[in-house]
Amino acid sequence: MMWRLRLAPAKTNFDFFRYQWLTFGGSMVLMVLAFVFWGALGLNFGIDFKGGTTIRTESSTPVDVGAMRNALSNLDLGDVVITEVFDPSFDANQNVAMIRLAATAGIEAITPEQITAAEAALVAADPALKIAAVESVGPKVSGELIRSSILAVSITSVLIMIYIWLRFEWQFALGGVLALLHDVFIVIGIFALFGLKFDLPIIAALLTILGYSINDTVVVFDRLRENLMKYKTMPLRDVMNLSVNETLSRTLMTSVTTLIALGAMLIFGGDVIRGFAFAIFIGVILGTYSSVFVAKNIVLMIGLDRSDKSKHGGDHEFANVDA
Amino acid sequence: MLDMPLWKRALIALICLWGVAVALPNLFYGRVEAFNDAKSAQAQGQITDEAALAAWPGFFPSALVNLGLDLRGGAHLLAEVKVEDAYAQRMDALWPELRDALRDLRDQTGTIRREASSPDVLRVSLSNPAGMPAALEAARGLSSLVTTLTGAGQSDLDISADGASLIVQLSDSEKTATDARTLQQSLEIIRRRVDEVGTREPTIQRQGNDRILIQVPGIGSAAELKAIIGTTAKLTFNPVVQITSDPNAEAGPRNKLVPDLNDKGLFYIIEETPVVGGEDLTDAQPAFDQNGQPAVNFRFNPSGGRVFGDYTAQNIGRPFAIVLDDQVISAPTIQAHITGGSGIITGRFTLEESTQLAVLLRAGALPAEMTFLEERTVGPELGADSIEAGQFAALIAGAVVAMYMIASYGLFGTFSVLALGVNIALIFAILSVLGGTLTLPGIAGIVLTIGMAVDANVLVFERIREELRAEKSVSRAIELGYSRALSAIADANITTMITAIVLFAVGAGPVKGFAVTLGVGIICSVFTALYVTRLIVTIWFNWRKPAQIHL
C-alpha cells in the first residue's frame with residue numbers, strides 16, 4: 001500500500017454520543033452565550049445597516065490619527081471614528097486609515113458637501129494622502145437592508161428545511177435546520193463579542209455558512225438513511241454512530257480543503273474582504289462540528305418512526321440515475 | 001472495463017475545451033479589453049488602434065468577465081426619484097385647460113380662482129357655488145381613461161367638490177402609470193447624460209418603484225457622477241411678472257421669486273406655471289446671435305411649438321424668462337410672434353457655457369427631482385490591490401488544495417486536481433458568456449469553490465475506498481462509488497444552490513456577484529466531479545487495466 005495522507009483511520013468506531021453532555025450540551029451553552037453577547041453587546045453594524053459614511057485613505061506618510069481628528073474637528077461632522085488599518089499585503093509605505101462619519105439623524109439624503117469638505121480637510125492635513133474609497137449609505141436604505149437580510153436568512157432556512165423534509169423525514173429537516181441556526185448564531189455571537197464590523201458581505205457569509213453547513217449535514221443524513229435501510233434492527237443510536245464514523249473521513253477531508261482555501265483568502269485576500277472570509281472560516285468549522293455533534297442528536301431526541309412505511313422505499317431515488 | 005459511450009466522452013471533452021478556450025481571454029485582460037475597444041471603435045467607423053487590434057487573434061473568443069466596481073474602481077449611486085413631482089407638473093399643466101373650460105361657464109360658476117393647496121392638488125374656488133354641477137361636468141370632460149392592465153376603464157382624474165371649491169387630482173391608477181412613466185423618463189435621461197461622457201459599460205437600472213441604480217466604472221467619484229447626472233437640471237419658459245432688485249420682494253400667489261444667473265442684484269418674479277418646459281425641446285445647438293455673441297438655438301416639438309407660438313403672439317413686448325434650475329438664464333422681451341417652434345437663447349455666455357447649456361438642454365431635463373440614498377466610490381488603486389490580493393489568495397489556495405488532494409488520493413487526487421482546473425476555467429467561461437460581473441466577494445466565492453469543488457470528488461473517492469474494502473472488483477467498486485455517492489452529492493449541492501438563489505434574489509451589488517459565482521461554481525463543480533473526473537478515471541482504467549488501485 002502506498003503512503004496516503006489520512007485525517008482519520010480507514011475504519012473508526014467512535015461513540016459520538018459518549019460525551020454528549022459536553023459536545024451537544026456545550027454547543028447549546030455556546031449558542032445561549034452567543035445570544036447573550038448579541039443582546040448585551042450588540043453588533044458593530046457597518047454603514048450598510050446603520051447609515052453613515054466611511055472614507056478610506058491611503059498615504060505614504062504614517063497615519064496620524066490625532067492630526068486627522070484635528071483636521072476634521074471644526075467641520076461639525078458629529079461622531080467621527082478614525083482607525084488605522086494594518087494588513088500584511090500592504091507595501092511598506094502604504095498607510096491606510098478608515099474614517100467613519102455617523103449618519104446625520106433625520107436626514108435621508110447624504111450631504112455631499114460634508115463629504116467633500118472632509119476630504120479636502122484630510123488632504124490639507126497630509127498632502128500625500130489619497131482618498132481610496134468613499135461609501136455613504138442613507139438611513140432609509142440601511143433600514144431596508146436590515147429587513148431584507150433577516151428575510152434572506154429566514155427564507156433560506158425555510159427553503160432548506162422544506163427540501164430536506166421532502167428528501168428525508170421531517171425529523172431530519174428540523175435537526176438539520178437547528179444545527180444551521182446554531183452555526184449562524186454562534187458566528188453572530190463571535191462578531192458581537194469581538195466587536196467586528198457587521199455589514200452586508202457578512203450576511204452573504206452567513207448565507208454561505210447555511211449552504212456549506214447543510215451540505216455537511218446532508219452527507220451524514222444521506223448515509224444514515226442508507227444505513228437505516230440496511231440495519232433495520234440496530235438501535236437508532238448505533239446506526240447514527242456507524243453513519244458518522246463511515247462518513248468521518250470525507251467530512252474531515254472536505255472541511256480541511258475548504259479551510260485551506262478560506263485560510264489563503266483570510267491571510268492573503270486583503271483587508272477589504274477579511275471580515276467576510278473570517279465569518280465563513282468560523283462557519284465552516286462550526287458547520288463541520290454541528291453536522292457531527294448537533295444535527296443527529298436532535299434527530300435522536302425527537303426519535304424516528306422506523307416502521308416500514310418509510311417514504312423512500314427500497315433504495316433512494318438517485319441511486320439508479322446513470323451518471 | 002468501465003463503460004462510457006463515445007458520444008458522452010466526446011461531449012464532455014468538447015465542453016472542457018470550450019471552457020478553457022472561452023476562459024482564456026481573461027488571462028490577458030488588458031490586451032483583450034484594448035482589442036475589444038478597438039473593435040467596437042472600428043465598427044462605429046472611428047479611428048482604430050491597429051496595434052491593439054493586432055494583439056489578439058480575431059477568430060478567438062474575446063468575451064471577458066466584467067469587473068465589478070469594487071475591483072475596477074468607479075462610482076455607484078442609488079437614487080430615489082421624487083415621483084410626486086410629476087403630479088404637481090400635471091396639475092400645473094391642467095390649470096390653463098380647466099380655466100378655459102370654466103371660463104365658458106362663467107354665467108353659472110361666477111369668477112374662478114386657483115387656491116393655494118398641496119402641489120399635487122388643483123383647487124379652484126367658484127364665487128357662485130350653485131354652478132358646481134356644471135363645473136364638475138366640465139372638469140370631467142378634461143379627464144381621459146387610463147390605459148393600464150389593472151386600472152383599465154378608470155378615469156385619470158379624481159374630481160370632487162368641497163363646498164365652493166372644485167378639487168381635481170390624479171386618480172390612483174393614473175398616479176401609478178405616471179410613476180412608471182416618470183421613472184422610465186428619468187432612466188432614459190440619465191442614460192443619455194452618462195453616455196455623453198462616454199465611459200465604459202455603465203449600469204443604469206430601475207430598482208423597485210421609484211429607484212434608479214447607477215454604476216459607472218472608471219469614474220473618479222460619486223460626486224462627479226452626480227454632477228453629470230445633474231440632480232435638478234430643469235429648464236422652463238415662464239412669464240415674467242416683474243423685474244426687481246429686492247431679494248425679499250413679495251412674489252404673490254402662484255408666483256415665485258428667482259435670481260438672475262449672472263447678475264447678483266437682479267431678481268425676477270415669474271409665474272410658477274411655465275408656458276413650456278424642457279421636455280418639449282427636441283433640439284438645442286450652440287450658435288451665435290446677430291452680434292456674434294455665443295448663444296443657443298433651440299427647437300420645440302410641434303405641441304410645444306404651438307403653445308410657445310400662441311403665447312408669444314399674445315404677449316409681444318413683454319419679457320419672459322428662460323429658467324434653468326430656478327435661476328433665470330435670460331429674460332428677453334418678446335419681439336414678435338415666434339412661429340415654427342424654434343428660437344434662440346442669448347445671454348452673457350462664453351462659448352464654453354453655450355456649448356454646455358446646449359448639451360444640457362439636448363439631454364433633456366429630469367422630470368422629477370432625485371435624492372441619493374446610497375453612494376459609493378472605489379478608487380482604481382484599491383480595486384487593483386483587491387484583484388491582486390484575490391488572485392494571490394486563489395493561487396495559494398489552489399496550490400495547497402492540489403498538494404493536499406494528491407497526498408490524500410495519489411493518482412486519483414491528481415485527476416481531481418485536473419478537474420478542478422477545468423472547473424475554474426468553466427466558471428470563468430460561463431461568467432464571460434453571461435456577461436456576469438466579478439466582484440471581490442465573487443473572488444472569495446471562487447476561492448471557496450476551490451475548497452468545496454473537491455468535495456464531490458472526495459465523496460466519490462471515499463465511497464470507492466469503502467466499496468474496495470468490501471472486496472469487489474476494482475471496476476465494480478468505481479462504478480458503485482459513483483452511483484452511491486450521487487444522492488449525497490445531489491442533496492448537498494441542491495441545498496447550497498438554494499442559498500445561492502436566495503442571495504441572488506435579495507442581495508445587492510457585490511453580494512449579487514458573489515451569488516452568481518457561487519451558483520455557477522456549484523454547477524461547474526458537480527459537472528467536473530461527476531463527468532470530467534469520471535472520464536479521466538475511465539480512460540486511465542481502460543488503458544492500464546489495473547488489478548488493484550491505491551486510493
# chains A, B, ... in the order shown; residues from 1 in each chain; ligands from 1

call {"tool": "residues_around", "arguments": {"residues": "range 185-198 of chain A", "least_positions_apart": "6", "cutoff": "7 Å", "atoms": "only C-alpha atoms", "output": "mmCIF file with N, CA and C atoms, in the first residue's frame"}}
result
data_model
loop_
_atom_site.group_PDB
_atom_site.id
_atom_site.type_symbol
_atom_site.label_atom_id
_atom_site.label_comp_id
_atom_site.auth_asym_id
_atom_site.auth_seq_id
_atom_site.Cartn_x
_atom_site.Cartn_y
_atom_site.Cartn_z
ATOM 1 N N LEU A 30 -22.911 27.423 24.183
ATOM 2 C CA LEU A 30 -22.303 28.429 23.305
ATOM 3 C C LEU A 30 -23.373 29.252 22.600
ATOM 4 N N MET A 31 -24.441 28.547 22.186
ATOM 5 C CA MET A 31 -25.495 29.244 21.471
ATOM 6 C C MET A 31 -26.175 30.268 22.381
ATOM 7 N N ALA A 34 -23.935 33.099 22.793
ATOM 8 C CA ALA A 34 -23.961 33.940 21.591
ATOM 9 C C ALA A 34 -25.116 34.931 21.668
ATOM 10 N N PHE A 35 -26.279 34.419 22.108
ATOM 11 C CA PHE A 35 -27.438 35.310 22.238
ATOM 12 C C PHE A 35 -27.191 36.381 23.292
ATOM 13 N N PHE A 37 -24.258 37.630 24.275
ATOM 14 C CA PHE A 37 -23.333 38.635 23.740
ATOM 15 C C PHE A 37 -24.040 39.557 22.760
ATOM 16 N N TRP A 38 -24.853 38.924 21.916
ATOM 17 C CA TRP A 38 -25.571 39.681 20.893
ATOM 18 C C TRP A 38 -26.479 40.710 21.551
ATOM 19 N N LEU A 41 -24.018 43.133 24.100
ATOM 20 C CA LEU A 41 -23.010 43.992 23.461
ATOM 21 C C LEU A 41 -23.512 44.622 22.170
ATOM 22 N N GLY A 42 -24.486 43.959 21.555
ATOM 23 C CA GLY A 42 -24.971 44.462 20.268
ATOM 24 C C GLY A 42 -23.955 44.190 19.187
ATOM 25 N N LEU A 43 -24.350 44.450 17.953
ATOM 26 C CA LEU A 43 -23.432 44.225 16.843
ATOM 27 C C LEU A 43 -22.845 45.552 16.390
ATOM 28 N N ASN A 44 -21.591 45.482 15.968
ATOM 29 C CA ASN A 44 -20.934 46.678 15.449
ATOM 30 C C ASN A 44 -21.334 46.829 13.985
ATOM 31 N N PHE A 45 -22.540 47.384 13.775
ATOM 32 C CA PHE A 45 -23.059 47.493 12.418
ATOM 33 C C PHE A 45 -22.211 48.428 11.566
ATOM 34 N N GLY A 46 -21.937 48.002 10.343
ATOM 35 C CA GLY A 46 -21.273 48.878 9.387
ATOM 36 C C GLY A 46 -22.281 49.852 8.806
ATOM 37 N N ALA A 279 -15.743 35.216 8.723
ATOM 38 C CA ALA A 279 -17.060 34.686 9.085
ATOM 39 C C ALA A 279 -17.258 33.302 8.472
ATOM 40 N N ILE A 282 -14.944 30.614 10.272
ATOM 41 C CA ILE A 282 -15.522 30.152 11.540
ATOM 42 C C ILE A 282 -16.737 29.275 11.276
ATOM 43 N N GLY A 283 -17.553 29.718 10.300
ATOM 44 C CA GLY A 283 -18.778 28.990 9.980
ATOM 45 C C GLY A 283 -18.499 27.572 9.515
#

call {"tool": "residues_around", "arguments": {"residues": "Val121 in chain B", "least_positions_apart": "4", "cutoff": "10 Å", "atoms": "only C-alpha atoms", "output": "PyMOL selection string"}}
result
chain B and resi 87-88+90-92+115-117+158+167-170

call {"tool": "write_last_selection", "arguments": {"atoms": "C-alpha atoms", "output": "PDB file, in the first residue's frame"}}
result
ATOM      1  CA  TYR B  87     -48.184  65.040 -10.165  1.00  0.00           C
ATOM      2  CA  ALA B  88     -47.656  68.728  -9.491  1.00  0.00           C
ATOM      3  CA  ARG B  90     -49.549  67.575 -14.376  1.00  0.00           C
ATOM      4  CA  MET B  91     -51.779  69.774 -12.235  1.00  0.00           C
ATOM      5  CA  ASP B  92     -49.942  72.907 -13.360  1.00  0.00           C
ATOM      6  CA  GLU B 115     -56.485  78.439  -4.423  1.00  0.00           C
ATOM      7  CA  ALA B 116     -53.312  77.522  -2.593  1.00  0.00           C
ATOM      8  CA  SER B 117     -53.157  73.794  -1.848  1.00  0.00           C
ATOM      9  CA  ASP B 158     -60.308  62.305  -9.344  1.00  0.00           C
ATOM     10  CA  ILE B 167     -60.909  69.709  -6.337  1.00  0.00           C
ATOM     11  CA  VAL B 168     -59.013  67.899  -9.054  1.00  0.00           C
ATOM     12  CA  GLN B 169     -56.209  65.399  -8.523  1.00  0.00           C
ATOM     13  CA  LEU B 170     -54.759  62.387 -10.274  1.00  0.00           C
TER      14      LEU B 170
END

call {"tool": "residues_around", "arguments": {"residues": "Ala295 in chain B", "least_positions_apart": "2", "cutoff": "7 Å", "atoms": "only C-alpha atoms", "output": "ChimeraX atom specification"}}
result
/B:286-289,293,297,344-347,349,354

call {"tool": "atom_distance", "arguments": {"atom1": "CA of Val307 in chain B", "atom2": "CA of Lys82 in chain B"}}
result
27.0 Å

call {"tool": "select_by_dssp", "arguments": {"residues": "range 46-180 of chain B", "states": "alpha helix (DSSP H)", "output": "PyMOL selection string"}}
result
chain B and resi 50-54+69-72+84-103+106-109+132-141+172-180

call {"tool": "atom_distance", "arguments": {"atom1": "CA of Ala139 in chain B", "atom2": "CA of Thr111 in chain B"}}
result
15.6 Å
